[in-house]
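Here is the file data.csv (CSV, C-alpha atoms and all ligand atoms).
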chain,number,residue,atom,x,y,z
P,81,MET,CA,-42.2,-42.4,67.2
P,82,ILE,CA,-45.9,-43.0,66.4
P,83,THR,CA,-48.5,-40.5,67.7
P,84,ALA,CA,-52.2,-40.8,67.7
P,85,HIS,CA,-54.1,-37.6,68.3
P,86,SER,CA,-57.8,-37.9,69.1
P,87,LEU,CA,-58.4,-40.5,66.4
P,88,THR,CA,-62.0,-41.2,65.6
P,89,LYS,CA,-63.4,-43.5,63.0
P,90,HIS,CA,-67.0,-44.6,62.3
P,91,TYR,CA,-68.2,-47.3,60.0
P,92,GLY,CA,-71.9,-46.5,59.5
P,93,ALA,CA,-73.5,-46.6,62.9
P,94,THR,CA,-70.4,-48.4,64.4
P,95,THR,CA,-67.9,-46.3,66.2
P,96,ALA,CA,-64.7,-48.4,65.6
P,97,VAL,CA,-62.3,-45.9,67.3
P,98,HIS,CA,-63.3,-43.0,69.5
P,99,ASN,CA,-61.1,-40.0,70.5
P,100,LEU,CA,-58.0,-42.2,70.8
P,101,SER,CA,-54.7,-40.6,71.7
P,102,PHE,CA,-51.4,-42.4,72.6
P,103,GLU,CA,-47.7,-42.4,71.8
P,104,VAL,CA,-45.4,-45.2,70.7
P,105,PRO,CA,-41.8,-44.3,71.6
P,106,PRO,CA,-38.7,-45.8,70.0
P,107,GLY,CA,-36.4,-48.3,71.7
P,108,VAL,CA,-39.1,-50.5,73.3
P,109,VAL,CA,-41.8,-52.9,72.1
P,110,THR,CA,-45.2,-51.4,72.7
P,111,GLY,CA,-48.1,-53.9,72.8
P,112,PHE,CA,-51.5,-52.9,71.5
P,113,LEU,CA,-54.1,-54.9,73.5
P,114,GLY,CA,-57.8,-55.0,73.3
P,115,PRO,CA,-60.7,-57.5,73.0
P,116,ASN,CA,-61.9,-58.6,69.5
P,117,GLY,CA,-63.5,-55.7,67.6
P,118,SER,CA,-62.1,-53.1,69.9
P,119,GLY,CA,-60.5,-51.2,67.0
P,120,LYS,CA,-56.8,-52.3,66.9
P,121,SER,CA,-56.7,-53.1,63.2
P,122,THR,CA,-58.7,-50.0,62.4
P,123,THR,CA,-56.2,-47.9,64.3
P,124,MET,CA,-53.2,-49.6,62.6
P,125,ARG,CA,-54.8,-49.0,59.2
P,126,MET,CA,-55.2,-45.3,60.0
P,127,ILE,CA,-51.6,-45.1,61.0
P,128,MET,CA,-50.6,-46.8,57.7
P,129,GLY,CA,-52.8,-44.4,55.7
P,130,LEU,CA,-55.1,-47.3,54.6
P,131,ASP,CA,-58.1,-45.7,56.2
P,132,ALA,CA,-58.8,-42.1,56.8
P,133,PRO,CA,-59.9,-41.0,60.3
P,134,ASP,CA,-63.1,-39.0,60.6
P,135,SER,CA,-61.3,-36.7,62.9
P,136,GLY,CA,-57.9,-36.6,64.6
P,137,ALA,CA,-54.6,-37.6,63.2
P,138,ALA,CA,-52.1,-40.5,63.2
P,139,LEU,CA,-48.5,-39.4,62.7
P,140,ILE,CA,-45.3,-41.2,62.0
P,141,GLY,CA,-42.2,-39.2,63.0
P,142,GLY,CA,-44.6,-36.2,63.2
P,143,ARG,CA,-46.1,-36.6,59.7
P,144,PRO,CA,-49.1,-38.4,58.3
P,145,TYR,CA,-48.3,-41.5,56.2
P,146,CYS,CA,-49.5,-39.8,53.0
P,147,GLU,CA,-46.8,-37.2,53.3
P,148,LEU,CA,-43.9,-39.7,53.5
P,149,VAL,CA,-41.8,-39.5,50.4
P,150,TRP,CA,-40.5,-43.0,50.5
P,151,PRO,CA,-42.9,-44.6,53.0
P,152,LEU,CA,-41.2,-48.1,53.1
P,153,ARG,CA,-38.0,-46.4,54.3
P,154,GLU,CA,-39.8,-44.8,57.2
P,155,VAL,CA,-42.3,-47.3,58.3
P,156,GLY,CA,-42.9,-51.0,57.8
P,157,GLY,CA,-46.3,-52.5,58.4
P,158,LEU,CA,-47.5,-56.1,58.5
P,159,LEU,CA,-51.3,-55.9,58.7
P,160,ASP,CA,-52.2,-59.0,56.6
P,161,ALA,CA,-49.8,-62.0,56.3
P,162,LYS,CA,-51.3,-63.1,53.0
P,163,ALA,CA,-50.9,-59.7,51.3
P,164,PHE,CA,-48.9,-60.9,48.3
P,165,HIS,CA,-49.7,-62.3,44.9
P,166,PRO,CA,-49.8,-66.1,45.4
P,167,ALA,CA,-48.1,-66.9,42.0
P,168,ARG,CA,-45.1,-64.6,42.7
P,169,THR,CA,-42.0,-66.0,44.4
P,170,ALA,CA,-40.9,-64.6,47.8
P,171,ARG,CA,-37.9,-63.0,46.1
P,172,ASN,CA,-40.0,-61.4,43.4
P,173,HIS,CA,-42.6,-60.1,45.9
P,174,LEU,CA,-39.9,-58.3,47.7
P,175,ARG,CA,-38.2,-57.1,44.5
P,176,TRP,CA,-41.3,-55.2,43.3
P,177,LEU,CA,-41.8,-53.7,46.7
P,178,ALA,CA,-38.1,-52.6,46.8
P,179,LEU,CA,-38.5,-51.0,43.3
P,180,THR,CA,-41.5,-48.9,44.3
P,181,ASN,CA,-39.4,-47.2,47.0
P,182,ASP,CA,-36.0,-47.0,45.2
P,183,ILE,CA,-34.6,-49.5,47.7
P,184,PRO,CA,-31.4,-51.3,46.5
P,185,LEU,CA,-32.2,-54.8,45.3
P,186,ARG,CA,-29.5,-56.3,47.5
P,187,ARG,CA,-31.8,-55.6,50.5
P,188,VAL,CA,-34.1,-58.4,49.2
P,189,ASP,CA,-31.6,-61.1,49.9
P,190,GLU,CA,-30.5,-59.5,53.2
P,191,VAL,CA,-34.1,-59.5,54.6
P,192,LEU,CA,-34.8,-63.0,53.3
P,193,ASP,CA,-31.8,-64.1,55.2
P,194,GLN,CA,-32.8,-62.2,58.3
P,195,VAL,CA,-36.2,-64.0,58.5
P,196,GLY,CA,-34.7,-67.4,57.5
P,197,LEU,CA,-36.4,-67.7,54.1
P,198,SER,CA,-33.3,-67.7,51.9
P,199,SER,CA,-33.7,-71.4,51.0
P,200,VAL,CA,-37.2,-70.9,49.7
P,201,ALA,CA,-36.7,-67.5,48.1
P,202,ASN,CA,-37.6,-68.8,44.6
P,203,ARG,CA,-40.7,-70.7,45.7
P,204,ARG,CA,-44.2,-69.3,45.0
P,205,ALA,CA,-45.4,-67.5,48.1
P,206,GLY,CA,-48.9,-68.9,47.6
P,207,LYS,CA,-47.6,-72.3,48.6
P,208,PHE,CA,-46.2,-71.0,51.9
P,209,SER,CA,-47.4,-72.1,55.3
P,210,LEU,CA,-48.9,-69.5,57.6
P,211,GLY,CA,-45.6,-69.3,59.5
P,212,MET,CA,-43.6,-68.8,56.3
P,213,SER,CA,-46.1,-66.1,55.1
P,214,GLN,CA,-45.7,-64.2,58.4
P,215,ARG,CA,-41.9,-64.3,57.9
P,216,LEU,CA,-42.3,-63.0,54.4
P,217,GLY,CA,-44.5,-60.2,55.7
P,218,ILE,CA,-41.9,-59.4,58.3
P,219,ALA,CA,-39.2,-59.4,55.6
P,220,ALA,CA,-41.3,-56.9,53.6
P,221,THR,CA,-41.5,-54.5,56.6
P,222,LEU,CA,-37.7,-54.6,56.9
P,223,LEU,CA,-36.9,-53.9,53.3
P,224,GLY,CA,-36.5,-50.1,53.6
P,225,ASP,CA,-34.7,-50.4,57.0
P,226,PRO,CA,-37.4,-48.3,58.6
P,227,GLY,CA,-37.2,-46.8,62.1
P,228,VAL,CA,-40.9,-47.5,62.8
P,229,LEU,CA,-42.5,-51.0,62.6
P,230,LEU,CA,-46.1,-52.1,63.0
P,231,PHE,CA,-47.4,-55.7,63.3
P,232,ASP,CA,-51.0,-56.6,63.5
P,233,GLU,CA,-51.3,-60.0,65.4
P,234,PRO,CA,-48.0,-61.3,64.0
P,235,VAL,CA,-48.1,-64.5,66.0
P,236,ASN,CA,-51.7,-65.5,65.1
P,237,GLY,CA,-51.7,-69.1,64.1
P,238,LEU,CA,-48.0,-69.7,64.7
P,239,ASP,CA,-46.7,-72.7,66.6
P,240,PRO,CA,-44.7,-72.2,69.8
P,241,GLU,CA,-41.4,-72.1,68.0
P,242,GLY,CA,-42.7,-69.5,65.6
P,243,ILE,CA,-44.1,-67.4,68.4
P,244,ARG,CA,-40.7,-67.5,70.2
P,245,TRP,CA,-38.9,-66.5,67.0
P,246,VAL,CA,-41.2,-63.5,66.4
P,247,ARG,CA,-40.9,-62.4,70.1
P,248,HIS,CA,-37.1,-62.4,69.9
P,249,PHE,CA,-37.2,-60.7,66.6
P,250,LEU,CA,-39.4,-57.9,67.7
P,251,ARG,CA,-37.3,-57.3,70.9
P,252,GLY,CA,-34.2,-57.2,68.7
P,253,LEU,CA,-35.7,-54.6,66.5
P,254,ALA,CA,-36.6,-52.4,69.5
P,255,ALA,CA,-33.1,-52.9,71.0
P,256,GLU,CA,-31.7,-51.4,67.8
P,257,GLY,CA,-33.6,-48.2,68.7
P,258,ARG,CA,-36.6,-48.8,66.4
P,259,THR,CA,-40.3,-48.0,67.3
P,260,VAL,CA,-42.1,-51.3,67.5
P,261,PHE,CA,-45.9,-51.4,67.8
P,262,VAL,CA,-47.5,-54.9,67.9
P,263,SER,CA,-51.1,-55.9,68.5
P,264,SER,CA,-52.2,-59.1,70.0
P,265,HIS,CA,-55.1,-60.6,71.9
P,266,LEU,CA,-52.6,-63.2,73.4
P,267,ILE,CA,-52.1,-61.4,76.8
P,268,SER,CA,-49.6,-63.9,78.1
P,269,GLU,CA,-47.6,-63.4,74.9
P,270,MET,CA,-47.6,-59.7,75.3
P,271,SER,CA,-46.3,-59.9,78.8
P,272,GLN,CA,-43.2,-61.6,77.4
P,273,THR,CA,-42.8,-59.4,74.4
P,274,ALA,CA,-43.9,-55.9,75.3
P,275,ASP,CA,-42.4,-53.3,77.6
P,276,ARG,CA,-45.2,-50.9,77.3
P,277,LEU,CA,-48.9,-51.4,76.7
P,278,VAL,CA,-51.6,-49.4,75.0
P,279,VAL,CA,-54.9,-51.0,76.0
P,280,ILE,CA,-58.2,-50.2,74.3
P,281,GLY,CA,-61.8,-51.3,74.6
P,282,ARG,CA,-64.6,-50.3,72.2
P,283,GLY,CA,-62.2,-48.0,70.4
P,284,ARG,CA,-61.4,-46.0,73.6
P,285,LEU,CA,-58.2,-45.8,75.5
P,286,ILE,CA,-58.2,-47.9,78.8
P,287,ALA,CA,-54.6,-47.7,79.8
P,288,GLU,CA,-51.2,-46.5,78.4
P,289,THR,CA,-48.5,-47.7,80.7
P,290,THR,CA,-45.7,-50.2,81.3
P,291,VAL,CA,-46.6,-53.9,81.6
P,292,ALA,CA,-45.4,-53.9,85.3
P,293,ASP,CA,-47.5,-50.9,86.2
P,294,PHE,CA,-50.6,-52.3,84.4
P,295,VAL,CA,-50.4,-55.4,86.5
P,296,SER,CA,-49.7,-53.7,89.8
P,297,ARG,CA,-52.4,-51.0,89.2
P,298,SER,CA,-55.1,-53.6,89.0
P,299,GLY,CA,-53.7,-55.6,92.0
P,300,ARG,CA,-55.6,-53.2,94.3
P,301,GLY,CA,-52.5,-53.2,96.5
P,302,THR,CA,-53.4,-56.4,98.5
P,303,VAL,CA,-50.7,-57.7,100.7
P,304,ARG,CA,-50.6,-61.1,102.5
P,305,LEU,CA,-49.1,-61.1,105.9
P,306,ILE,CA,-48.0,-64.2,107.9
P,307,THR,CA,-47.5,-63.4,111.6
P,308,PRO,CA,-47.8,-65.2,115.0
P,309,ASP,CA,-49.3,-62.0,116.4
P,310,LEU,CA,-52.5,-62.1,114.5
P,311,ALA,CA,-54.9,-60.3,116.8
P,312,ALA,CA,-52.4,-57.5,117.8
P,313,PHE,CA,-51.4,-57.0,114.2
P,314,ALA,CA,-55.0,-56.8,112.9
P,315,GLU,CA,-55.7,-54.1,115.5
P,316,ALA,CA,-52.6,-52.1,114.6
P,317,LEU,CA,-53.4,-52.3,110.9
P,318,THR,CA,-57.0,-51.3,111.4
P,319,GLY,CA,-55.8,-48.4,113.5
P,320,ALA,CA,-53.5,-47.3,110.7
P,321,GLY,CA,-56.4,-47.2,108.3
P,322,ALA,CA,-56.0,-50.5,106.5
P,323,THR,CA,-58.8,-53.0,105.7
P,324,VAL,CA,-57.9,-56.4,107.2
P,325,GLY,CA,-59.3,-59.7,106.0
P,326,ASP,CA,-58.8,-63.1,107.7
P,327,GLY,CA,-56.5,-65.4,105.9
P,328,ASP,CA,-56.3,-69.1,106.8
P,329,GLY,CA,-56.0,-68.6,110.5
P,330,ALA,CA,-52.2,-68.0,110.3
P,331,SER,CA,-52.2,-65.0,107.9
P,332,LEU,CA,-54.0,-61.7,107.2
P,333,THR,CA,-54.8,-60.0,103.9
P,334,VAL,CA,-54.3,-56.3,104.0
P,335,GLU,CA,-55.6,-53.6,101.7
P,336,GLY,CA,-54.8,-50.0,101.9
P,337,LEU,CA,-51.2,-50.2,103.1
P,338,SER,CA,-48.1,-51.3,101.0
P,339,ALA,CA,-45.7,-54.0,102.1
P,340,PRO,CA,-43.1,-51.4,103.2
P,341,GLN,CA,-45.7,-49.5,105.2
P,342,ILE,CA,-46.7,-52.8,107.0
P,343,GLY,CA,-43.1,-53.6,107.7
P,344,ASP,CA,-42.5,-50.2,109.2
P,345,LEU,CA,-45.6,-50.5,111.3
P,346,ALA,CA,-44.4,-53.9,112.6
P,347,ALA,CA,-41.0,-52.3,113.6
P,348,ARG,CA,-42.8,-49.4,115.4
P,349,GLU,CA,-45.2,-51.7,117.2
P,350,GLY,CA,-42.8,-54.6,118.0
P,351,LEU,CA,-44.9,-57.1,116.0
P,352,ARG,CA,-43.4,-60.2,114.4
P,353,VAL,CA,-43.4,-60.6,110.6
P,354,HIS,CA,-42.8,-64.1,109.2
P,355,GLU,CA,-43.8,-63.3,105.6
P,356,LEU,CA,-45.0,-60.2,103.8
P,357,MET,CA,-46.1,-60.7,100.2
P,358,PRO,CA,-47.7,-58.2,97.8
P,359,ILE,CA,-50.3,-60.1,95.9
P,360,THR,CA,-49.8,-59.5,92.2
P,361,VAL,CA,-52.4,-60.3,89.6
P,362,SER,CA,-51.4,-61.8,86.3
P,363,LEU,CA,-51.5,-59.6,83.2
P,364,GLU,CA,-54.5,-61.6,82.1
P,365,ASP,CA,-56.4,-60.9,85.2
P,366,ALA,CA,-55.6,-57.2,85.0
P,367,PHE,CA,-56.7,-57.1,81.4
P,368,MET,CA,-60.0,-58.9,82.1
P,369,GLU,CA,-60.6,-56.5,85.0
P,370,LEU,CA,-59.9,-53.4,83.0
P,371,THR,CA,-61.8,-54.4,79.9
P,372,GLN,CA,-64.9,-55.5,81.8
P,373,GLY,CA,-67.8,-54.0,80.0
P,374,GLU,CA,-65.6,-53.2,77.0
P,375,VAL,CA,-66.0,-56.5,75.2
P,376,GLU,CA,-68.1,-56.0,72.2
P,377,TYR,CA,-69.1,-59.6,71.3
P,378,ARG,CA,-69.9,-61.4,74.5
P,379,PRO,CA,-72.4,-64.3,74.9
P,380,THR,CA,-75.4,-63.0,76.8
P,381,THR,CA,-76.0,-66.3,78.7
P,382,MET,CA,-73.8,-68.8,80.4
P,383,ALA,CA,-74.9,-71.4,77.8
P,384,GLY,CA,-73.7,-69.0,75.2
P,385,ALA,CA,-70.4,-68.6,77.0
P,386,ALA,CA,-69.9,-72.3,77.2
P,387,ALA,CA,-70.7,-72.7,73.5
P,388,ALA,CA,-68.3,-69.8,72.6
P,389,GLY,CA,-65.6,-71.5,74.7
P,390,GLU,CA,-65.9,-74.7,72.8
P,391,GLY,CA,-64.9,-73.2,69.5
P,392,GLU,CA,-61.6,-72.0,70.8
Z,1,LIG,N1,-64.2,-52.0,56.9
Z,1,LIG,C1,-65.1,-52.1,57.8
Z,1,LIG,N2,-66.4,-51.9,57.6
Z,1,LIG,C2,-67.3,-51.9,58.6
Z,1,LIG,N3,-67.0,-52.1,59.9
Z,1,LIG,C3,-65.7,-52.3,60.2
Z,1,LIG,C4,-64.7,-52.3,59.2
Z,1,LIG,N4,-63.5,-52.5,59.8
Z,1,LIG,C5,-63.8,-52.7,61.1
Z,1,LIG,N5,-65.1,-52.5,61.4
Z,1,LIG,C6,-65.8,-52.6,62.7
Z,1,LIG,O1,-65.0,-51.7,63.6
Z,1,LIG,C7,-64.8,-52.3,64.9
Z,1,LIG,C8,-63.4,-52.5,65.1
Z,1,LIG,O2,-62.8,-53.5,64.3
Z,1,LIG,P1,-61.3,-53.8,64.3
Z,1,LIG,O3,-61.1,-54.8,63.2
Z,1,LIG,O4,-60.5,-52.6,64.2
Z,1,LIG,O5,-61.1,-54.5,65.7
Z,1,LIG,P2,-59.8,-55.4,66.2
Z,1,LIG,O6,-59.5,-54.8,67.6
Z,1,LIG,O7,-58.7,-55.4,65.2
Z,1,LIG,O8,-60.4,-56.8,66.4
Z,1,LIG,P3,-59.8,-58.3,66.3
Z,1,LIG,O9,-59.1,-58.5,67.6
Z,1,LIG,O10,-60.9,-59.2,66.1
Z,1,LIG,O11,-58.8,-58.3,65.1
Z,1,LIG,C9,-65.6,-53.6,64.8
Z,1,LIG,O12,-66.9,-53.4,65.3
Z,1,LIG,C10,-65.7,-53.9,63.3
Z,1,LIG,O13,-66.8,-54.7,63.1
Z,2,MG,MG,-57.7,-56.9,64.2

Target format structure tokens, applied to this file:
Amino acid sequence: MITAHSLTKHYGATTAVHNLSFEVPPGVVTGFLGPNGSGKSTTMRMIMGLDAPDSGAALIGGRPYCELVWPLREVGGLLDAKAFHPARTARNHLRWLALTNDIPLRRVDEVLDQVGLSSVANRRAGKFSLGMSQRLGIAATLLGDPGVLLFDEPVNGLDPEGIRWVRHFLRGLAAEGRTVFVSSHLISEMSQTADRLVVIGRGRLIAETTVADFVSRSGRGTVRLITPDLAAFAEALTGAGATVGDGDGASLTVEGLSAPQIGDLAAREGLRVHELMPITVSLEDAFMELTQGEVEYRPTTMAGAAAAGEGE
């Protein structure tokens, strides 16, 4: 379990994280979503004891990182995929990490095997591709067999196969009962990887919820209704307090009543229902809607927006 209590962090005049509280429970993958510069990495650094909060606390299993006796056995963190000495082999990188935390050296070969790097264990890590570096970083997080794992943008720069591998790997770790906290700006990716979400904007909490709830909450409860009894249905719906919009001449869009409520109304009034569909928004739409105004670096003109889009 990771707990953030009213975390606040300033860098000069910049408020990177403001009064941020959330929980990351074990057994599920919790996604950490936010626009660029919203404070995800800063929060993860505070959890890992690499940055001190100005106020508040980040706890791992109820204790701050600095109080963990053998930190690698309690928490594994991948914050920077290239955080190794480039001249050291993958195996030697993991060996020195293991020695610092009194971890048996046999774990080195076990974790290399787990991430699929056994065949390149004696190659210099500096020559690794980004995907191989990410795997080595993941291997390092697993060395001490910790119950809590953090990954900052672990799929950044990976090809589709690498992304799929990381996704399955993280889900597997959560299924073993571990606490898995993973940041990403790839919203579609999060919807396939995470069960829960902590969403932030400008260092502040926007939502802490399940992926399904996050999507439905921003769907505004709109339902599309296809019926041959258009006029009578519209009247009944309005009478029941709903807001009714015209569809394409054969359907109605209804706000303010759920699909089951509309179905019940139809039964009471003897109106015919041909189709009844709650309109769900994508995770991406929900995210854009909820982080409106929270994006720190946004082009101020449409020309700027077009130019920014070109670079992606
Ligand atoms: N070491 C630092 N010194 C000064 N400002 C910093 C430092 N680290 C982060 N910041 C600022 O704090 C804010 C949050 O940055 P952070 O890197 O935590 O965001 P992020 O959500 O991880 O962004 P990204 O999606 O781009 O990785 C930004 O305004 C950033 O410029
Ligand atoms: Mg970051």

Can I get the residues of chain P within 6 Å of ligand LIG 1 (chain Z), each with the closest pair of atoms and their distance in Å to one decimal, using only C-alpha atoms and all ligand atoms, sorted chain first then ascending number, as a tab-separated table?
residue	atom	partner	partner_atom	distance
P:Tyr91	CA	Z:LIG1	C2	4.9
P:Ala96	CA	Z:LIG1	O1	3.9
P:Gly114	CA	Z:LIG1	O6	6.0
P:Pro115	CA	Z:LIG1	O9	5.7
P:Asn116	CA	Z:LIG1	O9	3.4
P:Gly117	CA	Z:LIG1	O5	3.3
P:Ser118	CA	Z:LIG1	O6	3.9
P:Gly119	CA	Z:LIG1	O4	3.1
P:Lys120	CA	Z:LIG1	O6	3.7
P:Ser121	CA	Z:LIG1	O7	3.6
P:Thr122	CA	Z:LIG1	O4	3.6

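Across P:Val109, P:Leu158, P:Val195, P:Ile243, the tightest approach to ligand MG 2 (chain Z) is made by P:Leu158 when counting all atoms listed in the file.
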
Report task. Identify, on the basis of only C-alpha atoms, every residue whose closest approach to P:Glu335 does not exceed 12 Å; exclude the query and any residue fewer than 2 positions from it along the same chain; express the result as a list of chain:residue names. Result ->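 Answer for this query is P:Gly299, P:Arg300, P:Gly301, P:Thr302, P:Val303, P:Arg304, P:Leu305, P:Ala314, P:Leu317, P:Thr318, P:Ala320, P:Gly321, P:Ala322, P:Thr323, P:Val324, P:Gly325, P:Asp326, P:Leu332, P:Thr333, P:Leu337, P:Ser338, P:Ala339, P:Gln341, P:Ile342, P:Met357, P:Pro358, P:Ile359.
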
Query raised in the report: Given the choices P:Lys162, P:Arg168, P:His265, P:His90, which gets closest to ligand MG 2 (chain Z) if the distance is worked out from all atoms listed in the file?
Result: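 Closest residue, counting all atoms listed in the file: P:His265.
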
Requested in this report: Determine, counting only C-alpha atoms, which protein, DNA and RNA residues have an atom within 8 Å of an atom of P:Ala220; residues of the same chain fewer than 6 positions away are not included. Present the result as an MDAnalysis selection string.
Outcome: chainID P and resid 156 158 174 177 191

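Nearest to P:Gly283 of all the residues P:Thr169, P:Ser135, P:Thr88, P:Ser268 is P:Thr88, counting all atoms listed in the file.
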
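Between atom CA of P:Gly281 and atom CA of P:Leu100 the interatomic distance comes to 10.6 Å.
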
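Checking P:Ser209, P:Thr95, P:Ser101, P:Thr273 one by one against P:Ile286, counting all atoms listed in the file, you find the shortest gap at P:Ser101.
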
Query - Selected residue of minimal separation from P:Gly196 among P:Val235, P:Ala312, P:Pro184, P:Ser213, counting all atoms listed in the file - result: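 Using all atoms listed in the file, the shortest distance to P:Gly196 belongs to P:Ser213.
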
**Report entry** Atom pair atom CA of P:Met270 / atom CA of P:Leu192: separation (Å)
**Finding:**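 Computing it gives 25.7 Å between the two atoms.
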
Reconstructed stretch 241-256 of chain P, atom set N, CA and C atoms, as a PDB file, in the frame of the given file:
ATOM      1  N   GLU P 241     -42.705 -72.500  68.496  1.00  0.00           N
ATOM      2  CA  GLU P 241     -41.400 -72.100  68.000  1.00  0.00           C
ATOM      3  C   GLU P 241     -41.450 -70.806  67.231  1.00  0.00           C
ATOM      4  N   GLY P 242     -42.483 -70.722  66.371  1.00  0.00           N
ATOM      5  CA  GLY P 242     -42.700 -69.500  65.600  1.00  0.00           C
ATOM      6  C   GLY P 242     -42.946 -68.312  66.445  1.00  0.00           C
ATOM      7  N   ILE P 243     -43.755 -68.514  67.489  1.00  0.00           N
ATOM      8  CA  ILE P 243     -44.100 -67.400  68.400  1.00  0.00           C
ATOM      9  C   ILE P 243     -42.805 -66.924  69.087  1.00  0.00           C
ATOM     10  N   ARG P 244     -41.964 -67.883  69.522  1.00  0.00           N
ATOM     11  CA  ARG P 244     -40.700 -67.500  70.200  1.00  0.00           C
ATOM     12  C   ARG P 244     -39.813 -66.719  69.250  1.00  0.00           C
ATOM     13  N   TRP P 245     -39.781 -67.168  67.999  1.00  0.00           N
ATOM     14  CA  TRP P 245     -38.900 -66.500  67.000  1.00  0.00           C
ATOM     15  C   TRP P 245     -39.400 -65.047  66.824  1.00  0.00           C
ATOM     16  N   VAL P 246     -40.718 -64.862  66.631  1.00  0.00           N
ATOM     17  CA  VAL P 246     -41.200 -63.500  66.400  1.00  0.00           C
ATOM     18  C   VAL P 246     -40.951 -62.634  67.629  1.00  0.00           C
ATOM     19  N   ARG P 247     -41.151 -63.209  68.828  1.00  0.00           N
ATOM     20  CA  ARG P 247     -40.900 -62.400  70.100  1.00  0.00           C
ATOM     21  C   ARG P 247     -39.479 -61.922  70.123  1.00  0.00           C
ATOM     22  N   HIS P 248     -38.516 -62.821  69.886  1.00  0.00           N
ATOM     23  CA  HIS P 248     -37.100 -62.400  69.900  1.00  0.00           C
ATOM     24  C   HIS P 248     -36.798 -61.395  68.832  1.00  0.00           C
ATOM     25  N   PHE P 249     -37.407 -61.623  67.700  1.00  0.00           N
ATOM     26  CA  PHE P 249     -37.200 -60.700  66.600  1.00  0.00           C
ATOM     27  C   PHE P 249     -37.634 -59.312  66.882  1.00  0.00           C
ATOM     28  N   LEU P 250     -38.844 -59.187  67.410  1.00  0.00           N
ATOM     29  CA  LEU P 250     -39.400 -57.900  67.700  1.00  0.00           C
ATOM     30  C   LEU P 250     -38.568 -57.173  68.798  1.00  0.00           C
ATOM     31  N   ARG P 251     -38.158 -57.937  69.798  1.00  0.00           N
ATOM     32  CA  ARG P 251     -37.300 -57.300  70.900  1.00  0.00           C
ATOM     33  C   ARG P 251     -36.007 -56.865  70.308  1.00  0.00           C
ATOM     34  N   GLY P 252     -35.450 -57.631  69.376  1.00  0.00           N
ATOM     35  CA  GLY P 252     -34.200 -57.200  68.700  1.00  0.00           C
ATOM     36  C   GLY P 252     -34.331 -55.940  67.960  1.00  0.00           C
ATOM     37  N   LEU P 253     -35.454 -55.800  67.246  1.00  0.00           N
ATOM     38  CA  LEU P 253     -35.700 -54.600  66.500  1.00  0.00           C
ATOM     39  C   LEU P 253     -35.793 -53.363  67.392  1.00  0.00           C
ATOM     40  N   ALA P 254     -36.473 -53.543  68.535  1.00  0.00           N
ATOM     41  CA  ALA P 254     -36.600 -52.400  69.500  1.00  0.00           C
ATOM     42  C   ALA P 254     -35.242 -52.101  70.100  1.00  0.00           C
ATOM     43  N   ALA P 255     -34.446 -53.144  70.369  1.00  0.00           N
ATOM     44  CA  ALA P 255     -33.100 -52.900  71.000  1.00  0.00           C
ATOM     45  C   ALA P 255     -32.218 -52.134  70.036  1.00  0.00           C
ATOM     46  N   GLU P 256     -32.507 -52.210  68.734  1.00  0.00           N
ATOM     47  CA  GLU P 256     -31.700 -51.400  67.800  1.00  0.00           C
ATOM     48  C   GLU P 256     -32.201 -49.953  67.753  1.00  0.00           C
TER      49      GLU P 256
END
